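Enquirer: For reference, the file structure15.txt (compact mmCIF, C-alpha atoms and all ligand atoms) is included below:
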```txt
# COMPACT_ATOMS: atom_id res chain seq x y z
CA MET A 1 61.03 77.20 137.32
CA ALA A 2 64.69 76.41 137.84
CA TYR A 3 67.41 78.16 139.81
CA ILE A 4 70.76 77.48 138.14
CA LEU A 5 74.14 78.26 139.68
CA GLY A 6 76.70 78.96 136.92
CA ILE A 7 80.44 78.76 137.62
CA GLU A 8 83.15 80.05 135.28
CA SER A 9 86.94 79.80 135.68
CA SER A 10 88.32 79.03 132.21
CA CYS A 11 90.80 81.92 132.04
CA ASP A 12 91.48 84.78 134.46
CA GLU A 13 87.98 85.54 135.74
CA THR A 14 86.56 83.65 138.70
CA ALA A 15 82.82 84.09 138.27
CA ALA A 16 79.52 82.75 139.57
CA SER A 17 75.91 83.64 139.01
CA VAL A 18 72.43 82.44 139.84
CA SER A 19 69.71 82.66 137.21
CA LEU A 20 66.02 81.87 137.20
CA ASP A 21 65.23 79.89 134.04
CA GLY A 22 68.46 81.09 132.45
CA ARG A 23 67.41 84.53 131.36
CA GLU A 24 66.60 86.26 134.65
CA ILE A 25 69.92 86.96 136.35
CA LEU A 26 69.54 87.13 140.14
CA SER A 27 73.24 87.67 140.84
CA ASP A 28 76.46 87.94 138.85
CA VAL A 29 79.76 88.03 140.72
CA VAL A 30 82.98 88.42 138.72
CA TYR A 31 86.41 88.52 140.30
CA SER A 32 88.91 89.51 137.60
CA GLN A 33 92.59 88.71 137.98
CA ALA A 34 93.53 91.10 135.14
CA ASP A 35 95.56 93.35 137.47
CA ILE A 36 97.61 90.37 138.67
CA HIS A 37 98.49 89.23 135.13
CA LYS A 38 99.07 92.74 133.80
CA LYS A 39 102.69 92.85 134.90
CA TYR A 40 103.47 89.68 132.90
CA GLY A 41 101.85 91.02 129.71
CA GLY A 42 99.38 88.13 129.57
CA VAL A 43 97.65 85.42 131.59
CA VAL A 44 100.10 83.11 133.42
CA PRO A 45 98.22 79.78 133.68
CA GLU A 46 99.64 78.61 137.01
CA ILE A 47 99.05 81.99 138.66
CA ALA A 48 95.49 81.95 137.28
CA SER A 49 94.81 78.50 138.79
CA ARG A 50 96.16 79.51 142.20
CA ASN A 51 94.06 82.68 142.30
CA HIS A 52 90.94 80.77 141.26
CA ILE A 53 91.55 78.49 144.25
CA LEU A 54 91.81 81.48 146.57
CA SER A 55 88.55 83.07 145.44
CA VAL A 56 86.23 80.43 144.01
CA THR A 57 84.34 79.47 147.18
CA GLN A 58 83.84 83.09 148.22
CA VAL A 59 82.62 84.06 144.73
CA ILE A 60 80.10 81.20 144.72
CA GLU A 61 78.84 81.97 148.24
CA GLU A 62 78.49 85.63 147.31
CA ALA A 63 76.52 84.77 144.14
CA ILE A 64 74.09 82.60 146.11
CA GLY A 65 73.76 85.22 148.86
CA LYS A 66 73.09 88.08 146.42
CA ALA A 67 70.46 85.98 144.63
CA GLY A 68 68.51 85.91 147.89
CA ILE A 69 67.99 82.16 147.89
CA GLN A 70 69.24 79.28 150.05
CA LYS A 71 71.68 76.90 148.38
CA GLU A 72 69.20 74.08 148.92
CA GLU A 73 66.81 75.87 146.53
CA LEU A 74 69.21 75.49 143.58
CA ASP A 75 68.03 73.07 140.90
CA ALA A 76 71.41 72.47 139.26
CA VAL A 77 75.06 73.48 139.26
CA ALA A 78 76.36 74.41 135.79
CA VAL A 79 80.06 74.79 135.16
CA THR A 80 82.43 75.53 132.28
CA VAL A 81 84.25 72.32 131.37
CA ARG A 82 85.88 73.44 128.09
CA PRO A 83 87.71 75.10 126.39
CA GLY A 84 90.23 77.02 128.47
CA LEU A 85 93.34 76.77 130.62
CA ILE A 86 93.24 73.27 132.01
CA GLY A 87 94.33 74.07 135.57
CA ALA A 88 91.96 77.03 135.72
CA LEU A 89 89.02 74.97 134.45
CA LEU A 90 89.71 72.22 136.99
CA VAL A 91 89.37 74.65 139.90
CA GLY A 92 85.84 75.74 138.91
CA LEU A 93 84.88 72.18 138.01
CA SER A 94 86.11 70.79 141.34
CA ALA A 95 84.21 73.46 143.24
CA ALA A 96 81.08 72.75 141.20
CA LYS A 97 81.38 69.02 141.87
CA GLY A 98 81.73 69.67 145.60
CA PHE A 99 78.63 71.87 145.65
CA ALA A 100 76.57 69.51 143.50
CA TYR A 101 77.55 66.47 145.55
CA ALA A 102 77.02 68.12 148.92
CA LEU A 103 73.61 69.48 147.89
CA GLY A 104 72.53 66.40 145.96
CA LYS A 105 71.92 68.51 142.83
CA PRO A 106 72.70 67.65 139.19
CA LEU A 107 75.99 68.83 137.67
CA VAL A 108 75.60 70.31 134.18
CA PRO A 109 78.62 70.66 131.85
CA VAL A 110 78.87 73.88 129.81
CA ASN A 111 81.00 74.73 126.79
CA HIS A 112 82.44 78.21 127.39
CA LEU A 113 81.64 79.34 123.83
CA HIS A 114 78.00 78.27 124.23
CA GLY A 115 78.07 80.48 127.32
CA HIS A 116 79.29 83.47 125.31
CA ILE A 117 76.48 82.89 122.79
CA ALA A 118 73.93 82.63 125.64
CA ALA A 119 74.88 86.12 126.87
CA ASN A 120 72.62 87.30 124.05
CA TYR A 121 69.59 85.57 125.60
CA ILE A 122 70.14 87.52 128.81
CA ALA A 123 70.58 90.82 126.98
CA ASP A 124 67.47 90.42 124.81
CA LYS A 125 64.71 88.32 126.28
CA THR A 126 62.99 88.04 122.88
CA LEU A 127 65.90 86.42 121.04
CA GLU A 128 65.30 82.83 119.98
CA PRO A 129 67.25 80.55 117.64
CA PRO A 130 67.91 80.21 114.78
CA PHE A 131 70.52 82.93 114.23
CA ILE A 132 74.13 83.41 113.21
CA CYS A 133 76.55 84.26 116.02
CA LEU A 134 80.04 85.67 115.72
CA VAL A 135 82.00 84.40 118.73
CA ALA A 136 85.27 86.32 119.01
CA SER A 137 87.32 85.93 122.18
CA GLY A 138 90.92 85.68 123.30
CA GLY A 139 91.19 82.02 122.31
CA HIS A 140 88.55 81.55 119.60
CA SER A 141 86.99 83.23 116.60
CA HIS A 142 84.08 81.34 115.09
CA VAL A 143 81.06 82.05 112.96
CA VAL A 144 78.40 79.75 114.41
CA GLU A 145 74.96 78.77 113.14
CA VAL A 146 72.77 78.45 116.24
CA THR A 147 69.91 76.24 115.06
CA ASP A 148 68.49 75.60 118.52
CA TYR A 149 69.40 76.36 122.16
CA ASN A 150 71.65 73.29 122.20
CA ARG A 151 72.49 72.88 118.51
CA PHE A 152 75.48 74.63 117.03
CA THR A 153 77.28 74.33 113.68
CA VAL A 154 80.60 76.07 113.13
CA LEU A 155 80.42 77.60 109.64
CA GLY A 156 83.76 79.40 109.61
CA ALA A 157 86.70 80.03 111.90
CA THR A 158 90.12 81.56 112.13
CA MET A 159 92.81 79.38 110.60
CA ASP A 160 95.39 80.59 113.12
CA ASP A 161 95.21 83.41 115.71
CA ALA A 162 91.93 84.33 117.43
CA ALA A 163 90.84 87.96 117.07
CA GLY A 164 91.46 88.76 120.75
CA GLU A 165 94.86 87.08 120.60
CA ALA A 166 95.80 89.30 117.63
CA PHE A 167 94.68 92.39 119.59
CA ASP A 168 96.76 91.28 122.58
CA LYS A 169 99.87 90.65 120.45
CA VAL A 170 99.62 93.94 118.59
CA ALA A 171 99.15 95.76 121.92
CA ARG A 172 102.42 94.20 123.09
CA VAL A 173 104.26 95.29 119.90
CA LEU A 174 102.95 98.84 120.34
CA GLY A 175 103.77 98.82 124.07
CA LEU A 176 100.14 99.41 125.06
CA GLY A 177 99.89 96.84 127.86
CA TYR A 178 97.44 94.10 128.79
CA PRO A 179 94.61 93.33 128.13
CA GLY A 180 95.36 94.35 124.58
CA GLY A 181 91.88 94.70 123.10
CA PRO A 182 90.68 97.69 125.12
CA ALA A 183 94.18 99.27 124.96
CA VAL A 184 94.38 99.05 121.16
CA SER A 185 90.86 100.36 120.66
CA ARG A 186 91.50 103.30 123.03
CA CYS A 187 94.70 104.14 121.15
CA ALA A 188 92.89 103.80 117.79
CA GLU A 189 90.36 106.48 118.80
CA ASN A 190 93.00 109.14 118.05
CA GLY A 191 94.29 107.57 114.84
CA GLN A 192 93.41 107.26 111.15
CA ALA A 193 93.03 103.85 109.48
CA THR A 194 95.35 104.77 106.62
CA ILE A 195 97.72 101.76 106.54
CA PRO A 196 96.42 99.00 104.23
CA PHE A 197 96.96 95.88 106.37
CA PRO A 198 95.75 92.63 104.71
CA ARG A 199 92.23 91.24 105.12
CA PRO A 200 92.66 87.50 104.45
CA ILE A 201 89.43 85.55 103.91
CA HIS A 202 89.51 81.99 102.54
CA GLY A 203 85.98 80.85 101.78
CA ARG A 204 84.13 80.80 105.10
CA ASP A 205 87.41 80.84 107.07
CA PHE A 206 89.79 83.67 107.77
CA SER A 207 93.26 84.33 109.15
CA PHE A 208 94.69 86.89 111.54
CA SER A 209 98.30 85.82 111.90
CA GLY A 210 99.24 87.59 108.63
CA VAL A 211 97.63 90.82 109.81
CA LYS A 212 99.58 90.64 113.05
CA THR A 213 102.84 89.93 111.18
CA ALA A 214 102.16 92.84 108.81
CA VAL A 215 101.82 95.15 111.84
CA ILE A 216 105.06 93.82 113.37
CA ASN A 217 106.92 94.25 110.04
CA TYR A 218 105.54 97.77 109.62
CA VAL A 219 106.74 98.81 113.08
CA HIS A 220 110.17 97.13 112.72
CA LYS A 221 110.81 98.66 109.27
CA ALA A 222 110.00 102.11 110.57
CA GLU A 223 112.32 101.57 113.57
CA GLN A 224 115.17 100.40 111.28
CA LYS A 225 114.80 103.53 109.16
CA GLY A 226 114.74 105.64 112.32
CA GLU A 227 111.24 106.87 111.50
CA ALA A 228 108.68 107.60 114.20
CA VAL A 229 105.69 105.26 114.22
CA CYS A 230 102.27 106.81 114.72
CA LYS A 231 100.92 104.20 117.15
CA GLU A 232 97.42 105.63 116.87
CA ASP A 233 97.33 105.13 113.08
CA VAL A 234 98.79 101.60 113.38
CA ALA A 235 96.18 100.70 116.02
CA ALA A 236 93.32 102.18 113.97
CA SER A 237 94.49 100.45 110.75
CA PHE A 238 94.95 97.09 112.48
CA GLN A 239 91.56 97.33 114.18
CA ALA A 240 89.92 98.25 110.84
CA ALA A 241 91.43 95.14 109.19
CA ILE A 242 90.20 92.78 111.92
CA VAL A 243 86.77 94.42 112.04
CA ASP A 244 86.39 94.30 108.23
CA VAL A 245 87.17 90.58 108.13
CA LEU A 246 84.83 89.70 111.01
CA THR A 247 82.02 91.81 109.58
CA THR A 248 82.39 90.36 106.06
CA VAL A 249 82.43 86.67 107.10
CA THR A 250 79.56 87.06 109.57
CA VAL A 251 77.19 88.85 107.22
CA ALA A 252 78.13 86.45 104.37
CA ALA A 253 77.27 83.46 106.59
CA ALA A 254 73.89 85.00 107.49
CA LYS A 255 73.14 85.65 103.81
CA GLU A 256 74.19 82.12 102.86
CA LYS A 257 71.88 80.60 105.48
CA GLY A 258 69.04 83.05 104.83
CA MET A 259 69.16 84.29 108.44
CA LYS A 260 67.72 87.64 109.44
CA LYS A 261 69.29 87.65 112.93
CA ILE A 262 72.96 88.07 113.83
CA ALA A 263 74.33 87.97 117.37
CA LEU A 264 77.71 88.99 118.70
CA ALA A 265 79.60 87.29 121.54
CA GLY A 266 82.97 86.99 123.30
CA GLY A 267 85.43 89.51 124.69
CA VAL A 268 86.12 91.10 121.29
CA ALA A 269 82.38 91.84 121.01
CA ALA A 270 83.14 94.66 123.47
CA ASN A 271 84.96 96.43 120.62
CA GLN A 272 82.98 99.55 119.65
CA CYS A 273 84.35 99.63 116.12
CA LEU A 274 83.19 96.02 115.54
CA ARG A 275 79.77 96.75 117.06
CA LEU A 276 79.25 99.78 114.79
CA SER A 277 80.55 98.00 111.69
CA LEU A 278 78.35 94.94 112.17
CA GLU A 279 75.34 97.08 112.98
CA LYS A 280 75.81 99.04 109.75
CA ALA A 281 76.36 95.92 107.63
CA ALA A 282 73.44 94.06 109.24
CA ASN A 283 71.09 97.01 108.72
CA ALA A 284 72.19 97.36 105.09
CA ALA A 285 71.41 93.66 104.55
CA GLY A 286 68.00 93.94 106.25
CA MET A 287 69.16 91.91 109.26
CA ARG A 288 68.88 92.60 112.99
CA LEU A 289 71.98 92.66 115.15
CA TYR A 290 71.86 91.49 118.79
CA MET A 291 74.75 92.38 121.07
CA PRO A 292 75.16 92.01 124.81
CA PRO A 293 76.29 94.94 126.99
CA LEU A 294 80.07 95.06 127.52
CA SER A 295 79.85 93.39 130.96
CA LEU A 296 78.27 90.30 129.35
CA CYS A 297 80.80 90.16 126.47
CA THR A 298 83.85 89.37 128.59
CA ASP A 299 83.89 86.25 130.79
CA ASN A 300 81.16 86.08 133.44
CA GLY A 301 79.09 83.56 135.36
CA ALA A 302 75.68 84.74 134.11
CA MET A 303 76.32 83.45 130.60
CA ILE A 304 77.30 80.03 132.02
CA SER A 305 74.18 79.97 134.18
CA CYS A 306 72.04 80.78 131.13
CA ALA A 307 73.69 78.21 128.81
CA GLY A 308 73.58 75.77 131.75
CA TYR A 309 69.82 76.24 132.06
CA TYR A 310 69.24 75.24 128.43
CA ALA A 311 71.58 72.25 128.79
CA TYR A 312 69.80 71.28 132.06
CA ARG A 313 66.41 71.56 130.35
CA ALA A 314 67.68 69.29 127.55
CA GLY A 315 68.71 66.68 130.15
CA GLU A 316 72.48 67.14 129.93
CA ARG A 317 74.23 65.87 133.07
CA ALA A 318 77.87 65.37 134.03
CA PRO A 319 79.07 62.54 136.30
CA LEU A 320 81.25 63.36 139.31
CA SER A 321 84.12 61.87 137.28
CA GLN A 322 83.69 64.65 134.68
CA ASN A 323 87.01 65.93 133.35
CA ALA A 324 87.91 69.38 131.99
CA PHE A 325 89.31 69.85 128.49
CA ALA A 326 91.60 72.57 127.16
CA SER A 327 90.35 72.20 123.59
CA LEU A 328 87.01 72.98 122.00
O1 LIG A 401 85.91 86.23 126.13
P1 LIG A 401 87.09 86.77 126.87
O2 LIG A 401 86.83 87.65 128.07
O3 LIG A 401 88.03 85.60 127.34
C1 LIG A 401 88.23 84.48 126.52
O4 LIG A 401 87.34 83.59 126.52
O5 LIG A 401 89.24 84.51 125.80
O6 LIG A 401 87.94 87.57 125.79
C2 LIG A 401 89.13 88.18 126.12
C3 LIG A 401 89.70 88.81 124.86
C4 LIG A 401 91.08 89.39 125.06
O7 LIG A 401 91.91 88.95 124.01
C5 LIG A 401 90.84 90.90 124.99
O8 LIG A 401 91.96 91.61 124.50
C6 LIG A 401 89.66 90.98 124.05
O9 LIG A 401 88.84 89.88 124.42
N1 LIG A 401 88.93 92.24 124.21
C7 LIG A 401 88.81 93.16 123.23
C8 LIG A 401 88.12 94.26 123.79
N2 LIG A 401 87.83 93.95 125.09
C9 LIG A 401 88.33 92.71 125.33
N3 LIG A 401 89.25 93.15 121.96
C10 LIG A 401 89.00 94.24 121.21
N4 LIG A 401 88.38 95.34 121.68
C11 LIG A 401 87.91 95.39 122.95
N5 LIG A 401 87.29 96.49 123.39
ZN ZN A 402 85.52 83.86 127.07
```
Could you render the structure from this file as structure tokens?
Expert:
Amino acid sequence: MAYILGIESSCDETAASVSLDGREILSDVVYSQADIHKKYGGVVPEIASRNHILSVTQVIEEAIGKAGIQKEELDAVAVTVRPGLIGALLVGLSAAKGFAYALGKPLVPVNHLHGHIAANYIADKTLEPPFICLVASGGHSHVVEVTDYNRFTVLGATMDDAAGEAFDKVARVLGLGYPGGPAVSRCAENGQATIPFPRPIHGRDFSFSGVKTAVINYVHKAEQKGEAVCKEDVAASFQAAIVDVLTTVTVAAAKEKGMKKIALAGGVAANQCLRLSLEKAANAAGMRLYMPPLSLCTDNGAMISCAGYYAYRAGERAPLSQNAFASL
């Protein structure tokens, strides 16, 4: 039995959670800075770092308190060390080091994307590897073969923009605000997907920058001609293009690997249209789709605690000289 404290600060959520053996979440505290970054139309890295500093200790203390344990009972401190905003990562990592050192507990490094994948273990206690996981977030879009709890192979990925990044950019072009994903999907609810935006797939990889550019060109051309743009139709058509691509590459990867289980992860996994599309495609192919509830799709500490447990169990340890890394 192991109590794992998970700490997450890679972007604009300061989060901490305590789990028992990874899958039983005893507490999950998320402080989102989204309202602070809203007025800038996106996350401002320096502002994110400063706000992590202001809240990280309180968030950790609250997570331990809500779990109903004493900090001395923790078995390990797991923390996101990559990928993400470097200053933001360093705040969570420094706090984790301080806790681990003061308590004499092991420090366990966690890859943020492994955390997103692990959200599926919390949501469905029966899920075990192997499976195919689509990880689609603001910074990354990968189709991953999860062969074991700590073994991952990237089968396909975006060649340019991440899915969430494309949502955020299109939201800006349409004047829908930040964060873009939820704003675009809300707008799309009242639109028809009638505009044929491209769906570029290159083997196992795919590309979203062309889709984004096609949306920008469509809007600009209409403006030049003095025509009104139906934002709802643009949003619905853009969303349909992204969802089609993600669904196609994910199901193709599962077929190629002979997998009967597909999981969904990352902030974009909160998209209802993607959830329905993948569910339909997985069912048609005789596969089962696993997807976390919306609260576990976007950044949180529980997923880091869960991934941290499996890394801890496998003997992964970080020294106190551990650095953070912006890249994957
Ligand atoms: O995983 P996440 O919380 O942070 C990163 O690790 O990047 O993902 C954030 C991304 C943002 O780009 C946001 O616009 C997108 O996930 N997102 C969505 C939805 N909710 C969040 N994209 C599409 N539809 C949504 N409902
Ligand atoms: Zn994330």
Enquirer: Rank A:Arg204, A:Glu8, A:Cys306, A:Gly22 by their smallest atom-to-atom distance to Leu93 in chain A, using all atoms listed in the file, and report the top residue only.
Expert: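 Checking each of A:Arg204, A:Glu8, A:Cys306, A:Gly22 against Leu93 in chain A, counting all atoms listed in the file, the winner is A:Glu8.
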Enquirer: For atom O4 of ligand LIG 401 (chain A) and CA of Arg199 in chain A, quote the distance in Å rounded to one decimal.
Expert: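 Going from atom O4 of ligand LIG 401 (chain A) over to CA of Arg199 in chain A, I get 23.2 Å.
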Enquirer: Could you name the residues that touch Ala254 in chain A at 9 Å or less, counting only C-alpha atoms, but leaving out those on the same chain fewer than 3 positions away, as a VMD selection string?
Expert: chain A and resid 131 to 133 145 249 to 251 257 to 262 287
Enquirer: Taking (94.3, 89.0, 104.6) in the file's own coordinates, collect the residues within 10 Å, counting only C-alpha atoms, and hand them back as an NGL selection string.
Expert: :A and (197-202 or 206-211 or 214 or 241-242 or 245)
Enquirer: Within 9 Å of Ala263 in chain A, counting all atoms listed in the file, which residues qualify if same-chain residues fewer than 2 places away don't, as a short mmCIF file (atom, residue, chain, number, x, y, z; two decimals) with C-alpha atoms, in the coordinates of the input?
Expert:
```
data_model
loop_
_atom_site.label_atom_id
_atom_site.label_comp_id
_atom_site.auth_asym_id
_atom_site.auth_seq_id
_atom_site.Cartn_x
_atom_site.Cartn_y
_atom_site.Cartn_z
CA ILE A 117 76.48 82.89 122.79
CA ASN A 120 72.62 87.30 124.05
CA PHE A 131 70.52 82.93 114.23
CA ILE A 132 74.13 83.41 113.21
CA CYS A 133 76.55 84.26 116.02
CA LEU A 134 80.04 85.67 115.72
CA VAL A 135 82.00 84.40 118.73
CA LYS A 261 69.29 87.65 112.93
CA ALA A 265 79.60 87.29 121.54
CA ARG A 288 68.88 92.60 112.99
CA LEU A 289 71.98 92.66 115.15
CA TYR A 290 71.86 91.49 118.79
CA MET A 291 74.75 92.38 121.07
CA PRO A 292 75.16 92.01 124.81
#
```
Enquirer: Counting only C-alpha atoms and all ligand atoms, name the residues that have an atom within 9 Å of an atom of ligand LIG 401 (chain A); the answer should be given as a ChimeraX atom specification.
Expert: /A:10-13,83-84,112-113,116,135-140,162-169,171,178-186,239,265-274,294,297-300
Enquirer: Have a look at CA of Asp21 in chain A and CA of Thr57 in chain A and let me know their distance in Å, one decimal.
Expert: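 Rounded to one decimal, the two atoms are 23.2 Å apart.
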Enquirer: Considering only C-alpha atoms and all ligand atoms, state which residue in the set A:Ser237, A:Gln224, A:Asn283, A:Thr14 is at the smallest distance from ligand ZN 402 (chain A).
Expert: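 Smallest distance to ligand ZN 402 (chain A) is found for A:Thr14.
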Enquirer: Could you work out how far CA of Thr247 in chain A lies from CA of Lys212 in chain A, giving the answer in Å with one decimal?
Expert: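 Those two atoms sit 17.9 Å apart.
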Enquirer: Restricting the calculation to all atoms listed in the file, which member of A:Ala318, A:Leu74, A:Ala252, A:Val18 is positioned closest to Val108 in chain A?
Expert: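 Checking each candidate against Val108 in chain A, we get A:Ala318 as the closest.
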Enquirer: Please write as a list in words the list of polymer residues whose atoms come within 6 Å of (84.7, 99.1, 110.3), counting all atoms listed in the file and keeping to the coordinates of the file.
Expert: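 Those residues, ordered by chain and then number, are Ala240, Val243, Asp244, Cys273 and Ser277 of chain A.
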Enquirer: Which one of A:Leu127, A:Cys187, A:Leu174, A:Met159 sits closest to Val219 in chain A if you count all atoms listed in the file?
Expert: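 Smallest separation from Val219 in chain A among the options: A:Leu174.
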Enquirer: Could you pull the residues within 10 Å of Thr153 in chain A, counting all atoms listed in the file, minus those fewer than 3 positions along the same chain, as a VMD selection string?
Expert: chain A and resid 132 142 to 147 156
Enquirer: Using C-alpha atoms, can you write the selected residues to a file as a CSV table (one decimal), in the coordinates of the input?
Expert:
```csv
chain,number,residue,atom,x,y,z
A,132,ILE,CA,74.1,83.4,113.2
A,142,HIS,CA,84.1,81.3,115.1
A,143,VAL,CA,81.1,82.0,113.0
A,144,VAL,CA,78.4,79.8,114.4
A,145,GLU,CA,75.0,78.8,113.1
A,146,VAL,CA,72.8,78.4,116.2
A,147,THR,CA,69.9,76.2,115.1
A,156,GLY,CA,83.8,79.4,109.6
```
Enquirer: Give the answer as one residue: which of A:Glu46, A:Glu61, A:Asp75, A:Glu279 has the shortest atom-to-atom distance to Ala88 in chain A, using all atoms listed in the file?
Expert: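 Looking only at the distances to Ala88 in chain A, the closest residue turns out to be A:Glu46.
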Enquirer: Between A:Pro109, A:Ala67, A:Lys97, A:Ala284, single out the one closest to Gly315 in chain A, counting only C-alpha atoms.
Expert: A:Pro109
Enquirer: Got a sec: who's within 9 Å of Val29 in chain A, counting all atoms listed in the file, leaving out chain neighbours fewer than 3 positions off, as JSON, numbers by chain?
Expert: {"A": [14, 15, 16, 17, 59, 60, 62, 63, 66, 300, 301, 302]}
Enquirer: So that I have them on file, write out the residues from the current selection with C-alpha atoms, as a PDB file, in the coordinates of the input.
Expert:
```pdb
ATOM      1  CA  THR A  14      86.560  83.650 138.700  1.00  0.00           C
ATOM      2  CA  ALA A  15      82.820  84.090 138.270  1.00  0.00           C
ATOM      3  CA  ALA A  16      79.520  82.750 139.570  1.00  0.00           C
ATOM      4  CA  SER A  17      75.910  83.640 139.010  1.00  0.00           C
ATOM      5  CA  VAL A  59      82.620  84.060 144.730  1.00  0.00           C
ATOM      6  CA  ILE A  60      80.100  81.200 144.720  1.00  0.00           C
ATOM      7  CA  GLU A  62      78.490  85.630 147.310  1.00  0.00           C
ATOM      8  CA  ALA A  63      76.520  84.770 144.140  1.00  0.00           C
ATOM      9  CA  LYS A  66      73.090  88.080 146.420  1.00  0.00           C
ATOM     10  CA  ASN A 300      81.160  86.080 133.440  1.00  0.00           C
ATOM     11  CA  GLY A 301      79.090  83.560 135.360  1.00  0.00           C
ATOM     12  CA  ALA A 302      75.680  84.740 134.110  1.00  0.00           C
TER      13      ALA A 302
END
```
Enquirer: Write out as a PyMOL selection string which residues come within 8 Å of range 192-195 of chain A when counting all atoms listed in the file, dropping same-chain ones fewer than 5 positions away.
Expert: chain A and resi 232-238+240
